[in-house]
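Below is the file start-v8.txt, which contains compact mmCIF, C-alpha atoms.
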# COMPACT_ATOMS: atom_id res chain seq x y z
CA MET W 1 5.39 -3.68 57.44
CA SER W 2 4.06 -5.75 60.21
CA ARG W 3 0.82 -5.07 61.99
CA ARG W 4 2.39 -3.85 65.20
CA VAL W 5 4.54 -1.29 63.43
CA ARG W 6 1.55 -0.10 61.47
CA ILE W 7 -0.55 0.40 64.59
CA GLY W 8 2.38 2.05 66.37
CA ILE W 9 2.60 4.65 63.61
CA PHE W 10 -1.14 5.03 63.42
CA LEU W 11 -1.98 5.82 67.03
CA PRO W 12 -0.09 9.12 67.31
CA ALA W 13 -1.53 10.13 63.96
CA LEU W 14 -5.00 9.34 65.28
CA ALA W 15 -4.37 11.48 68.34
CA GLY W 16 -3.17 14.31 66.11
CA LEU W 17 -6.25 14.02 63.92
CA GLY W 18 -8.45 14.05 67.00
CA ALA W 19 -6.78 17.19 68.32
CA LEU W 20 -7.20 18.86 64.92
CA LEU W 21 -10.88 17.91 64.75
CA VAL W 22 -11.63 19.20 68.23
CA TRP W 23 -9.72 22.41 67.62
CA SER W 24 -11.60 23.03 64.38
CA TYR W 25 -14.97 22.27 65.96
CA THR W 26 -14.40 24.93 68.60
CA GLY W 27 -14.41 27.45 65.75
CA LEU W 28 -17.99 26.60 64.91
CA PRO W 29 -20.84 28.61 66.46
CA SER W 30 -21.87 26.99 69.68
CA PHE W 31 -24.52 24.32 69.57
CA GLY W 32 -27.99 25.72 68.94
CA ASP W 33 -26.72 29.07 67.82
CA TYR W 34 -27.43 28.68 64.12
CA GLN W 35 -26.45 31.79 62.23
CA GLY W 36 -26.47 30.97 58.56
CA PRO W 37 -29.15 32.75 56.57
CA TYR W 38 -29.95 29.94 54.17
CA GLY W 39 -31.88 27.77 56.60
CA PHE W 40 -33.99 30.65 57.83
CA ILE W 41 -34.82 31.70 54.28
CA VAL W 42 -35.89 28.19 53.27
CA ASN W 43 -38.07 27.87 56.35
CA ARG W 44 -39.71 31.17 55.61
CA ILE W 45 -40.50 30.53 51.96
CA ALA W 46 -41.26 26.83 51.82
CA THR W 47 -44.94 27.11 52.60
CA PRO W 48 -45.92 30.49 51.12
CA LEU W 49 -43.90 30.32 47.93
CA ARG W 50 -43.71 26.61 47.16
CA HIS W 51 -46.86 25.44 48.90
CA MET W 52 -45.00 22.58 50.55
CA ASP W 53 -45.37 21.75 54.21
CA ASN W 54 -42.23 19.64 54.42
CA ALA W 55 -39.33 22.06 54.09
CA VAL W 56 -36.78 19.23 53.98
CA ASN W 57 -38.28 17.64 50.89
CA ALA W 58 -38.81 21.07 49.39
CA THR W 59 -35.06 21.47 49.67
CA THR W 60 -34.25 18.00 48.40
CA TYR W 61 -36.38 17.92 45.28
CA ASP W 62 -37.04 21.53 44.46
CA ILE W 63 -34.62 24.10 45.82
CA ARG W 64 -31.53 21.83 45.78
CA GLY W 65 -32.80 19.30 43.28
CA PHE W 66 -29.51 19.25 41.46
CA ASP W 67 -27.70 17.67 44.42
CA THR W 68 -30.27 14.89 44.51
CA LEU W 69 -29.63 14.24 40.82
CA GLY W 70 -25.98 13.62 41.68
CA GLU W 71 -26.90 11.31 44.55
CA GLU W 72 -29.20 9.34 42.27
CA PHE W 73 -26.39 8.72 39.87
CA ILE W 74 -24.11 7.58 42.68
CA LEU W 75 -26.82 5.05 43.54
CA PHE W 76 -27.10 3.99 39.92
CA ALA W 77 -23.36 3.54 39.49
CA ALA W 78 -22.93 1.61 42.74
CA VAL W 79 -25.68 -0.83 41.81
CA ILE W 80 -24.14 -1.33 38.38
CA GLY W 81 -20.85 -2.05 40.12
CA VAL W 82 -22.43 -4.65 42.38
CA VAL W 83 -24.18 -6.33 39.47
CA LEU W 84 -20.96 -6.53 37.49
CA LEU W 85 -18.99 -7.92 40.41
CA LEU W 86 -21.49 -10.57 41.40
CA ARG W 87 -22.60 -11.43 37.89
CA ASP W 88 -20.49 -14.43 37.05
CA ARG W 89 -21.57 -16.38 40.09
CA GLY W 90 -23.12 -19.24 38.40
CA GLU W 91 -25.83 -20.86 36.58
CA ARG W 92 -29.49 -20.26 36.96
CA ASP W 93 -30.18 -23.84 37.89
CA ALA W 94 -31.43 -23.07 41.34
CA ASP W 95 -35.04 -23.71 40.60
CA GLU W 96 -35.04 -27.13 42.16
CA ILE W 97 -34.49 -26.12 45.73
CA GLU W 98 -37.45 -26.19 48.05
CA ASP W 99 -36.90 -23.54 50.63
CA ASP W 100 -40.20 -21.87 51.29
CA THR W 101 -41.30 -21.74 54.88
CA GLY W 102 -43.43 -24.68 55.79
CA SER W 103 -45.50 -22.89 58.35
CA ASP W 104 -48.84 -21.54 57.19
CA LEU W 105 -48.93 -18.89 59.88
CA ILE W 106 -45.72 -17.34 58.67
CA ARG W 107 -46.97 -17.38 55.13
CA VAL W 108 -50.25 -15.62 56.00
CA CYS W 109 -48.73 -13.03 58.28
CA GLY W 110 -45.88 -12.49 55.87
CA THR W 111 -48.21 -11.89 52.97
CA LEU W 112 -50.13 -9.34 54.99
CA ALA W 113 -46.85 -7.73 55.95
CA ILE W 114 -45.82 -7.49 52.30
CA GLY W 115 -49.00 -5.63 51.50
CA ALA W 116 -48.55 -3.35 54.48
CA ALA W 117 -44.93 -2.59 53.61
CA VAL W 118 -45.69 -1.74 49.98
CA LEU W 119 -48.67 0.41 50.94
CA VAL W 120 -46.74 2.28 53.59
CA GLY W 121 -43.91 2.82 51.12
CA LEU W 122 -46.21 4.21 48.46
CA TRP W 123 -47.91 6.44 51.02
CA LEU W 124 -44.57 7.80 52.17
CA VAL W 125 -43.64 8.67 48.60
CA ALA W 126 -46.99 10.22 47.71
CA PHE W 127 -47.24 12.42 50.79
CA GLY W 128 -43.60 13.37 50.71
CA PHE W 129 -44.30 17.07 50.64
CA VAL W 130 -46.80 17.07 53.48
CA THR W 131 -45.44 14.79 56.21
CA PRO W 132 -41.98 13.36 56.81
CA GLY W 133 -41.15 10.90 54.11
CA GLY W 134 -40.43 11.30 50.46
CA GLY W 135 -38.99 9.33 47.60
CA PHE W 136 -35.94 7.87 49.29
CA GLN W 137 -37.60 6.53 52.42
CA GLY W 138 -40.64 5.27 50.57
CA GLY W 139 -38.47 3.52 47.99
CA VAL W 140 -36.62 1.60 50.68
CA ALA W 141 -39.93 0.61 52.32
CA VAL W 142 -41.27 -0.75 49.01
CA ALA W 143 -38.01 -2.68 48.51
CA SER W 144 -38.42 -4.19 51.96
CA GLY W 145 -41.79 -5.51 50.85
CA ALA W 146 -40.05 -7.25 47.96
CA LEU W 147 -37.53 -8.76 50.34
CA LEU W 148 -40.33 -10.09 52.51
CA LEU W 149 -41.60 -11.86 49.39
CA TYR W 150 -38.39 -13.84 49.26
CA LEU W 151 -38.46 -14.65 52.95
CA VAL W 152 -42.05 -15.82 52.88
CA ALA W 153 -42.40 -17.57 49.58
CA GLY W 154 -39.00 -19.03 48.95
CA HIS W 155 -36.81 -18.92 45.94
CA ARG W 156 -39.16 -19.96 43.19
CA GLU W 157 -41.68 -17.14 43.52
CA TRP W 158 -38.92 -14.66 44.13
CA SER W 159 -37.04 -15.56 40.98
CA ALA W 160 -40.10 -14.74 38.92
CA PHE W 161 -40.02 -11.24 40.35
CA GLY W 162 -36.39 -10.50 41.00
CA ASN W 163 -34.92 -10.88 37.57
CA GLU W 164 -33.02 -8.16 35.87
CA THR W 165 -34.99 -7.94 32.66
CA LEU W 166 -37.94 -6.68 34.67
CA LEU W 167 -36.14 -4.44 37.08
CA ASP W 168 -33.43 -2.81 35.00
CA PRO W 169 -35.83 -0.83 32.81
CA ILE W 170 -37.70 0.34 35.91
CA LYS W 171 -34.51 1.58 37.47
CA GLY W 172 -33.57 3.28 34.23
CA ILE W 173 -36.94 4.99 34.05
CA GLY W 174 -36.48 6.30 37.55
CA GLY W 175 -32.99 7.64 37.13
CA GLY W 176 -33.43 8.84 33.59
CA GLY W 177 -36.81 10.27 34.41
CA TYR W 178 -35.26 12.55 36.97
CA ALA W 179 -32.86 13.98 34.42
CA VAL W 180 -35.53 14.25 31.74
CA ILE W 181 -37.97 16.15 33.95
CA GLY W 182 -35.25 18.68 34.51
CA LEU W 183 -34.86 18.99 30.76
CA ALA W 184 -38.56 19.70 30.41
CA ALA W 185 -38.01 22.87 32.39
CA LEU W 186 -35.25 23.85 29.96
CA VAL W 187 -37.68 23.55 27.09
CA GLY W 188 -39.91 26.14 28.71
CA GLY W 189 -37.06 28.62 28.91
CA LEU W 190 -36.41 28.26 32.65
CA ALA W 191 -33.28 26.93 34.29
CA TYR W 192 -32.68 23.18 34.50
CA LEU W 193 -34.85 21.40 37.08
CA THR W 194 -36.95 24.47 37.87
CA ASN W 195 -40.27 23.63 39.40
CA PHE W 196 -42.45 24.63 36.52
CA PHE W 197 -45.80 24.52 38.07
CA PRO W 198 -45.43 25.31 41.74
CA GLY W 199 -48.37 26.18 43.81
CA GLY W 200 -50.65 23.30 44.36
CA VAL W 201 -52.87 23.17 47.38
CA THR W 202 -50.71 23.07 50.49
CA GLY W 203 -51.17 20.06 52.66
CA THR W 204 -52.51 17.67 50.09
CA VAL W 205 -51.08 15.23 47.64
CA TRP W 206 -51.32 17.83 44.90
CA SER W 207 -48.80 20.21 46.37
CA GLY W 208 -45.38 20.27 44.86
CA GLY W 209 -45.84 20.83 41.16
CA SER W 210 -43.20 19.23 39.01
CA ALA W 211 -41.10 18.46 42.07
CA ALA W 212 -43.64 15.75 42.80
CA PHE W 213 -42.62 14.05 39.56
CA VAL W 214 -38.98 14.01 40.53
CA ASN W 215 -40.05 12.74 43.93
CA TRP W 216 -41.76 9.77 42.28
CA ALA W 217 -38.80 9.25 39.93
CA ALA W 218 -36.47 9.10 42.92
CA GLY W 219 -38.76 6.70 44.75
CA ILE W 220 -39.03 4.38 41.76
CA GLU W 221 -35.31 4.38 41.23
CA VAL W 222 -34.42 3.70 44.85
CA ALA W 223 -36.93 0.86 45.10
CA ALA W 224 -35.78 -0.79 41.88
CA ALA W 225 -32.10 -0.32 42.72
CA LEU W 226 -32.48 -1.91 46.15
CA VAL W 227 -34.48 -4.84 44.77
CA ILE W 228 -31.77 -5.43 42.16
CA LEU W 229 -29.18 -5.29 44.94
CA PHE W 230 -31.09 -7.82 47.01
CA ALA W 231 -31.56 -10.04 43.98
CA GLU W 232 -27.86 -10.06 43.18
CA PHE W 233 -26.83 -10.78 46.74
CA LEU W 234 -29.41 -13.52 47.16
CA GLN W 235 -28.34 -15.04 43.88
CA ALA W 236 -24.78 -15.16 45.15
CA TYR W 237 -26.08 -16.83 48.27
CA ILE W 238 -28.52 -19.31 46.77
CA VAL W 239 -26.62 -20.86 43.94
CA PRO W 240 -23.80 -22.46 45.98
CA ILE W 241 -26.33 -23.88 48.40
CA ALA W 242 -28.28 -25.36 45.51
CA ARG W 243 -25.12 -26.78 44.02
CA SER W 244 -24.02 -28.42 47.22
CA SER W 245 -27.37 -29.91 48.17
CA MET T 1 -41.18 19.39 74.47
CA THR T 2 -39.93 22.30 76.47
CA LEU T 3 -36.33 23.29 76.71
CA ALA T 4 -36.04 21.94 80.23
CA THR T 5 -36.82 18.40 79.16
CA LEU T 6 -34.93 18.57 75.90
CA VAL T 7 -31.42 19.10 77.21
CA PRO T 8 -31.21 15.97 79.42
CA LEU T 9 -32.81 13.92 76.62
CA GLN T 10 -30.17 15.12 74.20
CA SER T 11 -27.39 14.25 76.62
CA VAL T 12 -28.78 10.76 77.13
CA ALA T 13 -29.14 10.18 73.40
CA LEU T 14 -25.62 11.46 72.73
CA ALA T 15 -24.27 9.19 75.45
CA LEU T 16 -26.01 6.19 73.89
CA VAL T 17 -24.50 6.99 70.50
CA ALA T 18 -21.05 7.54 72.01
CA LEU T 19 -21.26 4.13 73.70
CA GLY T 20 -22.70 2.39 70.67
CA ALA T 21 -19.89 3.28 68.27
CA PRO T 22 -17.07 1.50 70.17
CA ALA T 23 -19.44 -1.43 70.71
CA VAL T 24 -19.78 -1.84 66.94
CA VAL T 25 -16.06 -1.47 66.32
CA PHE T 26 -14.89 -3.79 69.08
CA SER T 27 -17.25 -6.67 68.41
CA ARG T 28 -15.26 -9.09 66.33
CA ASP T 29 -17.70 -11.88 65.69
CA PRO T 30 -19.55 -10.93 62.48
CA LEU T 31 -22.99 -12.11 63.56
CA LYS T 32 -22.83 -10.26 66.82
CA MET T 33 -21.70 -7.21 64.88
CA ILE T 34 -24.93 -7.14 62.86
CA VAL T 35 -27.09 -7.06 65.97
CA VAL T 36 -24.96 -4.39 67.61
CA ASN T 37 -25.04 -2.35 64.41
CA GLY T 38 -28.83 -2.56 64.43
CA LEU T 39 -28.95 -1.27 68.00
CA TYR T 40 -26.51 1.51 67.12
CA GLY T 41 -28.78 2.46 64.24
CA LEU T 42 -31.73 2.67 66.63
CA SER T 43 -29.80 4.93 68.97
CA LEU T 44 -29.00 7.16 66.00
CA VAL T 45 -32.69 7.28 65.09
CA LEU T 46 -33.50 8.39 68.63
CA LEU T 47 -30.88 11.12 68.43
CA PHE T 48 -32.09 12.33 65.05
CA VAL T 49 -35.68 12.59 66.26
CA ILE T 50 -34.60 14.51 69.35
CA TYR T 51 -32.71 16.91 67.08
CA GLY T 52 -35.95 17.68 65.26
CA ALA T 53 -35.12 15.73 62.11
CA PRO T 54 -37.89 13.18 61.56
CA ASP T 55 -37.05 12.69 57.87
CA VAL T 56 -33.51 11.69 58.66
CA GLY T 57 -34.70 9.42 61.47
CA LEU T 58 -37.16 7.69 59.15
CA SER T 59 -34.45 7.21 56.55
CA MET T 60 -32.02 5.68 59.04
CA LEU T 61 -34.77 3.45 60.44
CA VAL T 62 -35.79 1.86 57.16
CA VAL T 63 -32.19 1.50 56.01
CA GLY T 64 -30.80 0.09 59.24
CA THR T 65 -33.61 -2.38 59.68
CA VAL T 66 -33.88 -3.77 56.17
CA ALA T 67 -30.95 -3.07 53.94
CA TYR T 68 -27.89 -3.27 56.17
CA PRO T 69 -28.68 -6.57 57.91
CA LEU T 70 -29.50 -8.18 54.59
CA VAL T 71 -26.34 -7.32 52.71
CA VAL T 72 -24.05 -8.03 55.65
CA LEU T 73 -25.78 -11.32 56.49
CA VAL T 74 -25.55 -12.54 52.91
CA ALA T 75 -21.87 -11.63 52.77
CA ILE T 76 -21.15 -13.48 56.01
CA ALA T 77 -23.14 -16.52 54.93
CA ARG T 78 -21.34 -16.62 51.61
CA VAL T 79 -17.93 -16.44 53.24
CA ARG T 80 -18.81 -19.17 55.72
CA ALA T 81 -20.29 -21.41 53.07
CA ARG T 82 -17.18 -21.21 50.98
CA GLU T 83 -14.94 -21.83 53.95
CA GLY T 84 -17.02 -24.87 54.75
CA ASP T 85 -16.55 -26.08 51.17
CA GLU T 86 -12.80 -25.62 51.38
CA GLU T 87 -12.61 -27.66 54.56
CA ASP T 88 -14.59 -30.41 52.90
CA ASP T 89 -12.20 -30.36 49.96
CA GLU T 90 -9.17 -30.67 52.17
CA GLU T 91 -10.46 -33.68 54.09
CA MET Q 1 -22.39 21.22 77.47
CA SER Q 2 -22.74 23.14 74.28
CA PHE Q 3 -19.68 21.42 72.84
CA LEU Q 4 -20.88 17.89 73.60
CA PRO Q 5 -22.51 17.12 70.21
CA TYR Q 6 -19.36 18.10 68.32
CA ALA Q 7 -17.22 16.11 70.73
CA VAL Q 8 -19.38 13.03 70.17
CA ALA Q 9 -19.11 13.48 66.40
CA ALA Q 10 -15.31 13.68 66.61
CA TRP Q 11 -15.19 10.66 68.97
CA VAL Q 12 -17.31 8.52 66.67
CA CYS Q 13 -15.17 9.47 63.66
CA LEU Q 14 -11.96 8.54 65.47
CA VAL Q 15 -13.38 5.26 66.77
CA GLY Q 16 -14.50 4.32 63.26
CA LEU Q 17 -11.10 5.13 61.79
CA TYR Q 18 -9.37 3.06 64.46
CA GLY Q 19 -11.67 0.18 63.63
CA ILE Q 20 -10.85 0.43 59.93
CA VAL Q 21 -7.09 0.42 60.45
CA THR Q 22 -7.01 -2.42 62.95
CA SER Q 23 -9.62 -4.59 61.32
CA ARG Q 24 -9.05 -8.28 60.75
CA ASN Q 25 -12.08 -8.93 58.62
CA LEU Q 26 -13.17 -7.08 55.51
CA ILE Q 27 -16.83 -7.26 56.51
CA HIS Q 28 -16.02 -5.71 59.87
CA LEU Q 29 -14.15 -3.02 57.94
CA ALA Q 30 -17.26 -2.17 55.96
CA LEU Q 31 -19.29 -1.75 59.14
CA CYS Q 32 -16.63 0.51 60.65
CA LEU Q 33 -16.92 2.62 57.51
CA THR Q 34 -20.63 3.03 58.22
CA VAL Q 35 -19.74 4.20 61.72
CA MET Q 36 -17.48 6.86 60.23
CA GLN Q 37 -20.24 7.93 57.87
CA SER Q 38 -22.63 8.30 60.78
CA SER Q 39 -20.19 10.70 62.42
CA THR Q 40 -20.65 13.07 59.49
CA TYR Q 41 -24.42 12.90 59.90
CA LEU Q 42 -24.01 13.80 63.57
CA LEU Q 43 -21.86 16.80 62.69
CA LEU Q 44 -24.22 18.07 60.01
CA LEU Q 45 -27.29 17.85 62.20
CA ALA Q 46 -25.49 19.46 65.12
CA ILE Q 47 -24.56 22.42 62.91
CA GLY Q 48 -28.12 22.88 61.77
CA TYR Q 49 -29.73 22.80 65.19
CA VAL Q 50 -31.55 25.91 66.38
CA LYS Q 51 -32.12 26.19 70.11
CA GLY Q 52 -35.78 25.70 70.89
CA GLY Q 53 -36.55 24.80 67.31
CA GLY Q 54 -38.95 22.14 66.19
CA PRO Q 55 -38.88 19.99 63.07
CA PRO Q 56 -39.28 21.86 59.76
CA ILE Q 57 -42.70 20.36 59.00
CA TYR Q 58 -45.38 22.96 58.90
CA LYS Q 59 -48.66 21.14 58.71
CA GLY Q 60 -50.92 22.56 61.37
CA VAL Q 61 -48.17 24.65 62.90
CA LYS Q 62 -48.84 28.28 63.59
CA LEU Q 63 -46.89 31.07 62.02
CA GLY Q 64 -43.71 32.18 63.67
CA THR Q 65 -42.50 28.93 65.24
CA THR Q 66 -38.75 28.43 65.15
CA SER Q 67 -37.56 25.42 63.23
CA VAL Q 68 -34.23 23.78 62.68
CA ASP Q 69 -32.33 24.05 59.45
CA PRO Q 70 -33.82 21.86 56.68
CA VAL Q 71 -30.91 22.07 54.25
CA VAL Q 72 -28.54 19.86 56.25
CA GLN Q 73 -31.36 17.37 56.77
CA ALA Q 74 -31.88 17.19 53.03
CA LEU Q 75 -28.19 16.43 52.50
CA THR Q 76 -28.17 13.81 55.24
CA LEU Q 77 -31.22 11.82 54.26
CA THR Q 78 -30.18 11.26 50.67
CA ASP Q 79 -26.75 10.29 51.87
CA ILE Q 80 -28.04 7.62 54.24
CA VAL Q 81 -29.84 5.75 51.48
CA VAL Q 82 -27.01 6.09 48.98
CA SER Q 83 -24.43 4.86 51.49
CA VAL Q 84 -26.23 1.50 51.63
CA THR Q 85 -25.43 0.83 47.99
CA VAL Q 86 -21.84 1.95 48.43
CA ILE Q 87 -21.42 -0.43 51.37
CA ALA Q 88 -23.00 -3.18 49.29
CA LEU Q 89 -20.39 -2.49 46.61
CA ILE Q 90 -17.62 -2.79 49.20
CA LEU Q 91 -19.08 -6.06 50.44
CA ALA Q 92 -19.26 -7.38 46.89
CA LEU Q 93 -15.57 -6.51 46.54
CA ALA Q 94 -14.89 -8.35 49.79
CA LEU Q 95 -16.67 -11.43 48.46
CA ASP Q 96 -14.59 -11.23 45.31
CA VAL Q 97 -11.39 -11.03 47.34
CA HIS Q 98 -12.51 -14.07 49.30
CA LYS Q 99 -13.07 -15.97 46.09
CA ARG Q 100 -9.61 -15.20 44.77
CA ALA Q 101 -7.46 -15.11 47.88
CA GLY Q 102 -9.36 -17.49 50.10
CA THR Q 103 -9.39 -15.18 53.09
CA VAL Q 104 -11.16 -12.05 54.31
CA ASP Q 105 -8.33 -10.99 56.57
CA PRO Q 106 -6.71 -7.92 55.04
CA ASP Q 107 -3.34 -8.75 56.58
CA GLU Q 108 -3.14 -12.11 54.90
CA ILE Q 109 -3.93 -11.13 51.36
CA LYS Q 110 -0.80 -11.66 49.33
CA GLU Q 111 0.17 -9.33 46.55
CA MET Q 112 -1.30 -9.85 43.13
CA SER Q 113 0.81 -12.07 40.94
CA GLY Q 114 0.94 -12.36 37.21

Full structure transcribed into structure tokens:
Amino acid sequence: MSRRVRIGIFLPALAGLGALLVWSYTGLPSFGDYQGPYGFIVNRIATPLRHMDNAVNATTYDIRGFDTLGEEFILFAAVIGVVLLLRDRGERDADEIEDDTGSDLIRVCGTLAIGAAVLVGLWLVAFGFVTPGGGFQGGVAVASGALLLYLVAGHREWSAFGNETLLDPIKGIGGGGYAVIGLAALVGGLAYLTNFFPGGVTGTVWSGGSAAFVNWAAGIEVAAALVILFAEFLQAYIVPIARSS
Amino acid sequence: MTLATLVPLQSVALALVALGAPAVVFSRDPLKMIVVNGLYGLSLVLLFVIYGAPDVGLSMLVVGTVAYPLVVLVAIARVRAREGDEEDDEE
Amino acid sequence: MSFLPYAVAAWVCLVGLYGIVTSRNLIHLALCLTVMQSSTYLLLLAIGYVKGGGPPIYKGVKLGTTSVDPVVQALTLTDIVVSVTVIALILALALDVHKRAGTVDPDEIKEMSG
């Protein structure tokens, strides 16, 4: 059917969907009037029982750690899909192109920025249970440091770092590590993914118990997955340019 | 932040988000779309922080600044490069 | 006033859906999908908001302060990072379509043959 007919059918349906959404949202408690008990309970027990200052990460990695396991595997599968789709994009003969930035100032500032990005990322992951942060945010920050490496140093230095034989095992360790740490709790007779030594010192790096390990596993996996993603996309971008130049 | 200052701030942030979404959808040029998407992401970060969700704001900030522009820019560049090749082939 | 956050969430969802249906470029379609995803984040955080509540971070905060719901924030922050990879997958599919059909306009893609 032509585009006009399609849009003509769609617009009343959109209006109907909008009316349905608004009508269903009026059934919710009014804004600010949170009633559910679960949030209040988590807020009350996060610090005394789990010794974690950051209730959000206590939920993500400890109390609802199973949901995060599912999200990790979505990440894993999506990156595998991207790698498979972009894989047959050509030869690895792109080492001859000279595309690093000629300016020394950019190179110096960029190198400092790479160090800053990786440090900030690692700090966010390590202090995930004390201040806002955690594995996911810190992993993306570390991956942004890797991307800066490509922007500053050009293709040759990047290709030494961004190849799959280095990064795939790291990603596997992250994702598989998450599942395996959960199994370790099973060995001790507790339920899967139970935090088996809670009760560190609140407010320091040592709080969190075994949830800190899954925090690091998530951070490693997110960082490796995003660097693989960048590598595949940049490969798809570089090779035609090399071929045509 | 007291309640008296919070409510106007929330309204302003919600208005920015409500204006940013049509701006992203109705910008047709792909390069312009990336910049507008970045600004929309920043308005979302502001709203998340005002809602008392700094973790979510941090997540949106790192993702919208680094990951989204990269993948969309590479896709656009790839499409344009191949269209340039096809024009060269036809000539 | 108390309905405004939900109204904005519904508005953003509808705008994103309109953008997806009327899109002329597969890359633009992927970005409209991110707009629709952000409407779900808005809804989740609006549900979890407690009036007068601060963020659920308790370092140096005295006992008895109200805080907003941390569970919806946990769901949202993992989803934001995972949605990047899903959008990258969609963009990789768009690049593949461009390689085979020569166009990124969804209206002009002919049916598969053979």

*Residues of chain Q within 8 Å of chain T, all atoms listed in the file counted, as a VMD selection string*: chain Q and resid 5 8 11 to 12 15 to 16 19 27 to 28 31 to 32 35 45 to 46 49 52 to 56 68 73 76 to 77 80 to 81 84 88 91 to 92 95 98

_Between atom CA of Ser43 of chain T and atom CA of Ile228 of chain W - distance in Å to one decimal_ = 28.8 Å

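Take the candidates T:Leu16, T:Val36, T:Val66, T:Leu31 and check each one against chain W using all atoms listed in the file; the shortest distance goes to T:Val66.
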
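Atom to atom, atom CA of Ala77 of chain W and atom CA of Val142 of chain W stand 20.7 Å apart.
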
*So how far away is atom CA of Leu229 of chain W from atom CA of Tyr150 of chain W, in Å?*
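Between these atoms lies a distance of 13.3 Å.
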
Counting all atoms listed in the file, what is within 7 Å of Leu61 of chain T, bar same-chain residues fewer than 4 positions away, as a short mmCIF file (atom, residue, chain, number, x, y, z; two decimals) with C-alpha atoms, keeping the file's coordinate frame?
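Once everything was written out, this is around.cif:
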data_model
loop_
_atom_site.label_atom_id
_atom_site.label_comp_id
_atom_site.auth_asym_id
_atom_site.auth_seq_id
_atom_site.Cartn_x
_atom_site.Cartn_y
_atom_site.Cartn_z
CA LEU T 42 -31.73 2.67 66.63
CA VAL T 45 -32.69 7.28 65.09
CA GLY T 57 -34.70 9.42 61.47
CA THR T 65 -33.61 -2.38 59.68
#

Give me the chain W side of the contact with chain Q, cut-off 6 Å, one line per residue showing its nearest atom pair and distance in Å at one decimal, counting only C-alpha atoms, sorted by chain and residue number, as JSON lines.
{"residue": "W:Phe31", "atom": "CA", "partner": "Q:Ser2", "partner_atom": "CA", "distance": 5.2}
{"residue": "W:Gly32", "atom": "CA", "partner": "Q:Lys51", "partner_atom": "CA", "distance": 4.3}
{"residue": "W:Asp33", "atom": "CA", "partner": "Q:Val50", "partner_atom": "CA", "distance": 5.9}
{"residue": "W:Tyr34", "atom": "CA", "partner": "Q:Val50", "partner_atom": "CA", "distance": 5.5}
{"residue": "W:Gly39", "atom": "CA", "partner": "Q:Asp69", "partner_atom": "CA", "distance": 4.7}
{"residue": "W:Asp53", "atom": "CA", "partner": "Q:Tyr58", "partner_atom": "CA", "distance": 4.8}
{"residue": "W:Asn54", "atom": "CA", "partner": "Q:Ile57", "partner_atom": "CA", "distance": 4.7}
{"residue": "W:Ala55", "atom": "CA", "partner": "Q:Pro56", "partner_atom": "CA", "distance": 5.7}
{"residue": "W:Val56", "atom": "CA", "partner": "Q:Pro70", "partner_atom": "CA", "distance": 4.8}
{"residue": "W:Thr60", "atom": "CA", "partner": "Q:Ala74", "partner_atom": "CA", "distance": 5.3}
{"residue": "W:Leu75", "atom": "CA", "partner": "Q:Val82", "partner_atom": "CA", "distance": 5.5}
{"residue": "W:Ala78", "atom": "CA", "partner": "Q:Val86", "partner_atom": "CA", "distance": 5.8}
{"residue": "W:Val82", "atom": "CA", "partner": "Q:Leu89", "partner_atom": "CA", "distance": 5.2}

If we draw a sphere of 12 Å around (-37.8, 4.8, 35.7), which residues have at least one atom in it when counting all atoms listed in the file? Please report them as a short mmCIF file (atom, residue, chain, number, x, y, z; two decimals) with C-alpha atoms, in the coordinates of the input.
data_model
loop_
_atom_site.label_atom_id
_atom_site.label_comp_id
_atom_site.auth_asym_id
_atom_site.auth_seq_id
_atom_site.Cartn_x
_atom_site.Cartn_y
_atom_site.Cartn_z
CA GLU W 72 -29.20 9.34 42.27
CA PHE W 76 -27.10 3.99 39.92
CA LEU W 166 -37.94 -6.68 34.67
CA LEU W 167 -36.14 -4.44 37.08
CA ASP W 168 -33.43 -2.81 35.00
CA PRO W 169 -35.83 -0.83 32.81
CA ILE W 170 -37.70 0.34 35.91
CA LYS W 171 -34.51 1.58 37.47
CA GLY W 172 -33.57 3.28 34.23
CA ILE W 173 -36.94 4.99 34.05
CA GLY W 174 -36.48 6.30 37.55
CA GLY W 175 -32.99 7.64 37.13
CA GLY W 176 -33.43 8.84 33.59
CA GLY W 177 -36.81 10.27 34.41
CA TYR W 178 -35.26 12.55 36.97
CA ALA W 179 -32.86 13.98 34.42
CA VAL W 180 -35.53 14.25 31.74
CA ILE W 181 -37.97 16.15 33.95
CA PHE W 213 -42.62 14.05 39.56
CA VAL W 214 -38.98 14.01 40.53
CA ASN W 215 -40.05 12.74 43.93
CA TRP W 216 -41.76 9.77 42.28
CA ALA W 217 -38.80 9.25 39.93
CA ALA W 218 -36.47 9.10 42.92
CA GLY W 219 -38.76 6.70 44.75
CA ILE W 220 -39.03 4.38 41.76
CA GLU W 221 -35.31 4.38 41.23
CA VAL W 222 -34.42 3.70 44.85
CA ALA W 223 -36.93 0.86 45.10
CA ALA W 224 -35.78 -0.79 41.88
CA ALA W 225 -32.10 -0.32 42.72
#

*Quick one: of Q:Leu29, Q:Ile20, Q:Tyr41, Q:Val97, who's nearest to Ile7 of chain W, counting only C-alpha atoms?*
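Between Q:Leu29, Q:Ile20, Q:Tyr41, Q:Val97, the residue approaching Ile7 of chain W most closely is Q:Ile20.
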
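In this comparison, which uses all atoms listed in the file, the residue of W:Ala46, W:Val83, W:Val205, W:Leu112 approaching Leu124 of chain W most closely is W:Val205.
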
*Of the candidates Q:Met36, Q:Leu26, Q:Ile109, Q:Leu42, which one gets nearest to Ala13 of chain T if we count all atoms listed in the file?*
Q:Leu42
